[in-house]
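Asks: For reference, the structure I am asking about is given below.
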Amino acid sequence: MSETILKVEDLKTSFMTSSGEVQAVRGVSFEVHKGEILGIVGESGSGKSVTSMSILRLLADTARIKNGKIEFEGTDLTKVSDKQMREIRGQKIAMVFQDPMTSLNPLKTIGKQIQEAVELHQGLKGKAAKEKTLEYLRDVGITDAEKRFDQYPHEFSGGMRQRVVIAIAVACNPQILICDEPTTALDVTIQAQILELLKEMRVKYNLTIILITHDLGVV
């Protein structure tokens with residue numbers, strides 16, 4: 001058995017509303033081993049996304065982690081400072097969200113957005129950063145990468161935008177990639193292509209993947 005990279009124990013996350021406490025996650029426990037794909041399945045509203053947001057501490061101001069441990073590389077993420085969490089977020093644990101359009105900046109070119117991740121997390125600059133960005137574009141199956149580099153999100157289809165979001169996440173060099181309903185907004189054929197792409201990226205970049213979905217077929 002490969003080593004455990006992430007362990008969640010008895011996680012409870014609530015939202016404090018004007019009507020009182022709403023318990024979104026009630027005692028979730030799981031562990032993820034290095035290099036595997038773990039599926040978290042549940043119907044809409046069951047707390048899947050709140051679980052992933054709790055791991056990354058990207059919760060709304062009204063949310064509270066009331067109980068439990070989120071252990072990553074021997075460190076409890078519920079206890080670390082905001083500064084430490086910012087270093088872990090993206091660099092160690094990255095996320096692919098459901099709607100690629102809201103994940104991308106409509107005012108910046110696709111290439112620029114991936115290159116920013118390369119420069120920030122890999123320390124490359126200028127020509128070297130651009131070459132690495134083009135490599136990621138090709139890796140996620142975007143043809144004519146040089147031309148596409150200078151295009152904007154609205155010039156891409158939904159499936160292509162999701163490929164770009166995956167490229168940005170992988171460019172951060174994370175150990176864990178959390179994919180929150182990454183294929184929900186896409187048609188069935190494109191869904192299959194994105195899932196195949198995630199499997200390829202897992203092998204090539206030695207990723208551990210947490211796949212969150214309401215669809216057992218996807219799992």
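How things are named: the first chain in the structure tokens is A, the next is B, and so on; residues count from 1 in each chain; ligands count from 1 in the order shown.
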Fewer than 4 positions away in the same chain doesn't count, so skip those; otherwise give me all residues within 12 Å of stretch 74-90 of chain A, counting only C-alpha atoms, as a ChimeraX atom specification.

Replies: /A:3-9,11-13,52-59,64-70,94-96,117-118,120-122,166,168-178

Asks: Apply DSSP to the structure's backbone, then extract all residues of chain A labelled strand (DSSP E or B) and return them as JSON, numbers by chain.

Replies: {"A": [4, 5, 6, 7, 8, 9, 10, 11, 12, 13, 14, 15, 16, 17, 20, 21, 22, 23, 24, 25, 26, 27, 28, 29, 30, 31, 32, 33, 37, 38, 39, 40, 41, 63, 64, 65, 66, 67, 68, 69, 70, 71, 72, 75, 76, 89, 93, 94, 95, 96, 176, 177, 178, 179, 180, 208, 209, 210, 211, 212, 213]}

Asks: Which residues are near A:Pro153? Cut-off 6 Å, only C-alpha atoms, ignore same chain within fewer than 2 positions. Put them as a list in words.

Replies: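 Using only C-alpha atoms, the neighbours found are Pro106, Glu155 and Phe156 of chain A.
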
Asks: Closest to A:Gly141 among A:Ser157, A:Thr62, A:Gln98, A:Gln193, using only C-alpha atoms?

Replies: A:Gln193

Asks: If you measure from atom CA of A:Met160 to atom CA of A:Ile110, what distance in Å do you get, rounded to one decimal?

Replies: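 Between atom CA of A:Met160 and atom CA of A:Ile110 the gap works out to 10.6 Å.
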
Asks: Could you name the residues that touch A:Met201 at 10 Å or less, counting only C-alpha atoms, but leaving out those on the same chain fewer than 4 positions away, as an NGL selection string?

Replies: :A and (139-140 or 166-167 or 170 or 195-197 or 205-209)

Asks: Create the file for the chosen residues now, containing N, CA, C and O atoms and written as a JSON list (two decimals), in the first residue's frame.

Replies:
[["chain", "number", "residue", "atom", "x", "y", "z"],
["A", 139, "ASP", "N", 0.08, 19.32, -23.66],
["A", 139, "ASP", "CA", -0.20, 18.18, -22.78],
["A", 139, "ASP", "C", -1.70, 17.98, -22.56],
["A", 139, "ASP", "O", -2.17, 16.85, -22.43],
["A", 140, "VAL", "N", -2.43, 19.10, -22.45],
["A", 140, "VAL", "CA", -3.88, 18.97, -22.19],
["A", 140, "VAL", "C", -4.68, 18.86, -23.48],
["A", 140, "VAL", "O", -5.91, 18.94, -23.48],
["A", 166, "ILE", "N", -7.31, 22.84, -16.14],
["A", 166, "ILE", "CA", -6.48, 21.71, -15.69],
["A", 166, "ILE", "C", -5.00, 22.04, -15.89],
["A", 166, "ILE", "O", -4.16, 21.76, -15.02],
["A", 167, "ALA", "N", -4.67, 22.68, -17.02],
["A", 167, "ALA", "CA", -3.28, 23.06, -17.28],
["A", 167, "ALA", "C", -2.77, 24.04, -16.21],
["A", 167, "ALA", "O", -1.64, 23.92, -15.73],
["A", 170, "VAL", "N", -2.18, 22.09, -12.95],
["A", 170, "VAL", "CA", -1.00, 21.23, -13.02],
["A", 170, "VAL", "C", 0.29, 22.06, -13.06],
["A", 170, "VAL", "O", 1.32, 21.65, -12.51],
["A", 195, "LEU", "N", -12.04, 13.17, -18.56],
["A", 195, "LEU", "CA", -11.69, 12.12, -17.59],
["A", 195, "LEU", "C", -10.44, 11.36, -18.05],
["A", 195, "LEU", "O", -9.57, 11.04, -17.24],
["A", 196, "GLU", "N", -10.35, 11.10, -19.34],
["A", 196, "GLU", "CA", -9.17, 10.43, -19.91],
["A", 196, "GLU", "C", -7.93, 11.31, -19.72],
["A", 196, "GLU", "O", -6.85, 10.84, -19.35],
["A", 197, "LEU", "N", -8.12, 12.62, -19.94],
["A", 197, "LEU", "CA", -7.03, 13.57, -19.76],
["A", 197, "LEU", "C", -6.53, 13.58, -18.31],
["A", 197, "LEU", "O", -5.33, 13.57, -18.05],
["A", 205, "TYR", "N", 2.40, 13.54, -14.38],
["A", 205, "TYR", "CA", 2.86, 14.51, -13.37],
["A", 205, "TYR", "C", 2.80, 13.95, -11.95],
["A", 205, "TYR", "O", 2.87, 14.71, -10.98],
["A", 206, "ASN", "N", 2.64, 12.62, -11.84],
["A", 206, "ASN", "CA", 2.69, 11.97, -10.54],
["A", 206, "ASN", "C", 1.69, 12.59, -9.54],
["A", 206, "ASN", "O", 2.03, 12.92, -8.41],
["A", 207, "LEU", "N", 0.45, 12.77, -10.02],
["A", 207, "LEU", "CA", -0.57, 13.43, -9.22],
["A", 207, "LEU", "C", -1.38, 12.43, -8.40],
["A", 207, "LEU", "O", -1.53, 11.27, -8.78],
["A", 208, "THR", "N", -1.92, 12.90, -7.31],
["A", 208, "THR", "CA", -2.95, 12.20, -6.56],
["A", 208, "THR", "C", -4.24, 12.99, -6.80],
["A", 208, "THR", "O", -4.23, 14.22, -6.68],
["A", 209, "ILE", "N", -5.30, 12.31, -7.18],
["A", 209, "ILE", "CA", -6.53, 13.04, -7.57],
["A", 209, "ILE", "C", -7.70, 12.68, -6.66],
["A", 209, "ILE", "O", -7.94, 11.52, -6.35]]

Asks: For the helix (DSSP H, G or I) assignment from backbone DSSP, which residues of chain A qualify? Please present them as a PyMOL selection string.

Replies: chain A and resi 48-56+82-88+100-103+110-122+126-139+145-149+153-155+158-171+188-204

Asks: Please save C-alpha atoms of the selected residues as an mmCIF file, in the first residue's frame.

Replies:
data_model
loop_
_atom_site.group_PDB
_atom_site.id
_atom_site.type_symbol
_atom_site.label_atom_id
_atom_site.label_comp_id
_atom_site.auth_asym_id
_atom_site.auth_seq_id
_atom_site.Cartn_x
_atom_site.Cartn_y
_atom_site.Cartn_z
ATOM 1 C CA LYS A 48 -19.146 17.353 -1.280
ATOM 2 C CA SER A 49 -17.930 20.784 -2.359
ATOM 3 C CA VAL A 50 -17.908 22.104 1.216
ATOM 4 C CA THR A 51 -15.668 19.148 2.116
ATOM 5 C CA SER A 52 -13.181 20.111 -0.609
ATOM 6 C CA MET A 53 -13.370 23.805 0.330
ATOM 7 C CA SER A 54 -12.701 22.822 3.956
ATOM 8 C CA ILE A 55 -9.523 20.993 2.905
ATOM 9 C CA LEU A 56 -8.278 24.121 1.118
ATOM 10 C CA ASP A 82 -3.446 31.756 6.717
ATOM 11 C CA LYS A 83 0.055 32.433 5.363
ATOM 12 C CA GLN A 84 1.014 28.738 5.560
ATOM 13 C CA MET A 85 -2.293 27.826 3.960
ATOM 14 C CA ARG A 86 -1.635 30.153 1.024
ATOM 15 C CA GLU A 87 1.676 28.348 0.430
ATOM 16 C CA ILE A 88 -0.062 24.961 0.450
ATOM 17 C CA PRO A 100 -14.286 26.725 -16.255
ATOM 18 C CA MET A 101 -15.640 30.109 -17.346
ATOM 19 C CA THR A 102 -15.757 31.424 -13.786
ATOM 20 C CA SER A 103 -12.278 29.991 -13.091
ATOM 21 C CA ILE A 110 -5.149 31.876 -21.976
ATOM 22 C CA GLY A 111 -1.360 31.762 -22.291
ATOM 23 C CA LYS A 112 -0.856 34.570 -19.811
ATOM 24 C CA GLN A 113 -3.027 32.829 -17.211
ATOM 25 C CA ILE A 114 -1.114 29.545 -17.426
ATOM 26 C CA GLN A 115 2.233 31.364 -17.584
ATOM 27 C CA GLU A 116 1.452 33.233 -14.346
ATOM 28 C CA ALA A 117 1.124 29.861 -12.571
ATOM 29 C CA VAL A 118 4.382 28.641 -14.136
ATOM 30 C CA GLU A 119 6.253 31.794 -13.064
ATOM 31 C CA LEU A 120 4.818 31.822 -9.558
ATOM 32 C CA HIS A 121 5.215 28.149 -8.712
ATOM 33 C CA GLN A 122 8.169 27.039 -10.850
ATOM 34 C CA GLY A 126 10.421 35.032 -19.939
ATOM 35 C CA LYS A 127 11.048 32.629 -22.807
ATOM 36 C CA ALA A 128 11.498 29.592 -20.527
ATOM 37 C CA ALA A 129 8.128 30.259 -18.852
ATOM 38 C CA LYS A 130 6.409 30.643 -22.223
ATOM 39 C CA GLU A 131 7.940 27.395 -23.548
ATOM 40 C CA LYS A 132 6.739 25.554 -20.427
ATOM 41 C CA THR A 133 3.271 27.074 -20.870
ATOM 42 C CA LEU A 134 3.112 25.876 -24.484
ATOM 43 C CA GLU A 135 4.146 22.409 -23.275
ATOM 44 C CA TYR A 136 1.203 22.372 -20.820
ATOM 45 C CA LEU A 137 -1.190 23.485 -23.554
ATOM 46 C CA ARG A 138 -0.036 20.594 -25.733
ATOM 47 C CA ASP A 139 -0.204 18.182 -22.780
ATOM 48 C CA ALA A 145 -0.717 25.937 -28.972
ATOM 49 C CA GLU A 146 1.268 28.948 -30.262
ATOM 50 C CA LYS A 147 -1.862 30.514 -31.775
ATOM 51 C CA ARG A 148 -4.084 29.548 -28.856
ATOM 52 C CA PHE A 149 -1.622 31.098 -26.381
ATOM 53 C CA PRO A 153 -11.397 32.386 -22.783
ATOM 54 C CA HIS A 154 -14.458 33.362 -24.842
ATOM 55 C CA GLU A 155 -12.690 32.047 -27.955
ATOM 56 C CA GLY A 158 -16.403 24.669 -22.698
ATOM 57 C CA GLY A 159 -14.305 21.525 -23.004
ATOM 58 C CA MET A 160 -11.262 23.491 -24.151
ATOM 59 C CA ARG A 161 -11.670 25.940 -21.256
ATOM 60 C CA GLN A 162 -11.734 23.047 -18.799
ATOM 61 C CA ARG A 163 -8.511 21.741 -20.366
ATOM 62 C CA VAL A 164 -6.950 25.166 -19.756
ATOM 63 C CA VAL A 165 -8.092 25.148 -16.114
ATOM 64 C CA ILE A 166 -6.480 21.709 -15.693
ATOM 65 C CA ALA A 167 -3.278 23.063 -17.281
ATOM 66 C CA ILE A 168 -3.215 25.986 -14.801
ATOM 67 C CA ALA A 169 -3.741 23.622 -11.860
ATOM 68 C CA VAL A 170 -1.001 21.226 -13.019
ATOM 69 C CA ALA A 171 1.379 24.140 -13.724
ATOM 70 C CA VAL A 188 -21.026 13.273 -22.520
ATOM 71 C CA THR A 189 -18.387 12.910 -25.266
ATOM 72 C CA ILE A 190 -16.323 15.804 -23.894
ATOM 73 C CA GLN A 191 -16.793 14.444 -20.339
ATOM 74 C CA ALA A 192 -15.102 11.203 -21.377
ATOM 75 C CA GLN A 193 -12.203 13.124 -22.962
ATOM 76 C CA ILE A 194 -11.646 15.223 -19.817
ATOM 77 C CA LEU A 195 -11.691 12.122 -17.594
ATOM 78 C CA GLU A 196 -9.173 10.428 -19.905
ATOM 79 C CA LEU A 197 -7.032 13.574 -19.759
ATOM 80 C CA LEU A 198 -7.063 13.551 -15.933
ATOM 81 C CA LYS A 199 -5.858 9.943 -15.961
ATOM 82 C CA GLU A 200 -3.017 10.846 -18.352
ATOM 83 C CA MET A 201 -1.993 13.876 -16.277
ATOM 84 C CA ARG A 202 -1.994 11.775 -13.110
ATOM 85 C CA VAL A 203 0.605 9.433 -14.613
ATOM 86 C CA LYS A 204 2.721 12.098 -16.329
#

Asks: Find, counting only C-alpha atoms, the residue in A:Thr109, A:Ser46, A:Val22, A:Lys34 that gets nearest to A:Tyr152.

Replies: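 Looking at the shortest contact to A:Tyr152, the residue is A:Thr109.
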
Asks: One decimal, Å: what's the distance from atom CA of A:Ala24 over to atom CA of A:Ile40, could you say?

Replies: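 These atoms are spaced 15.2 Å apart.
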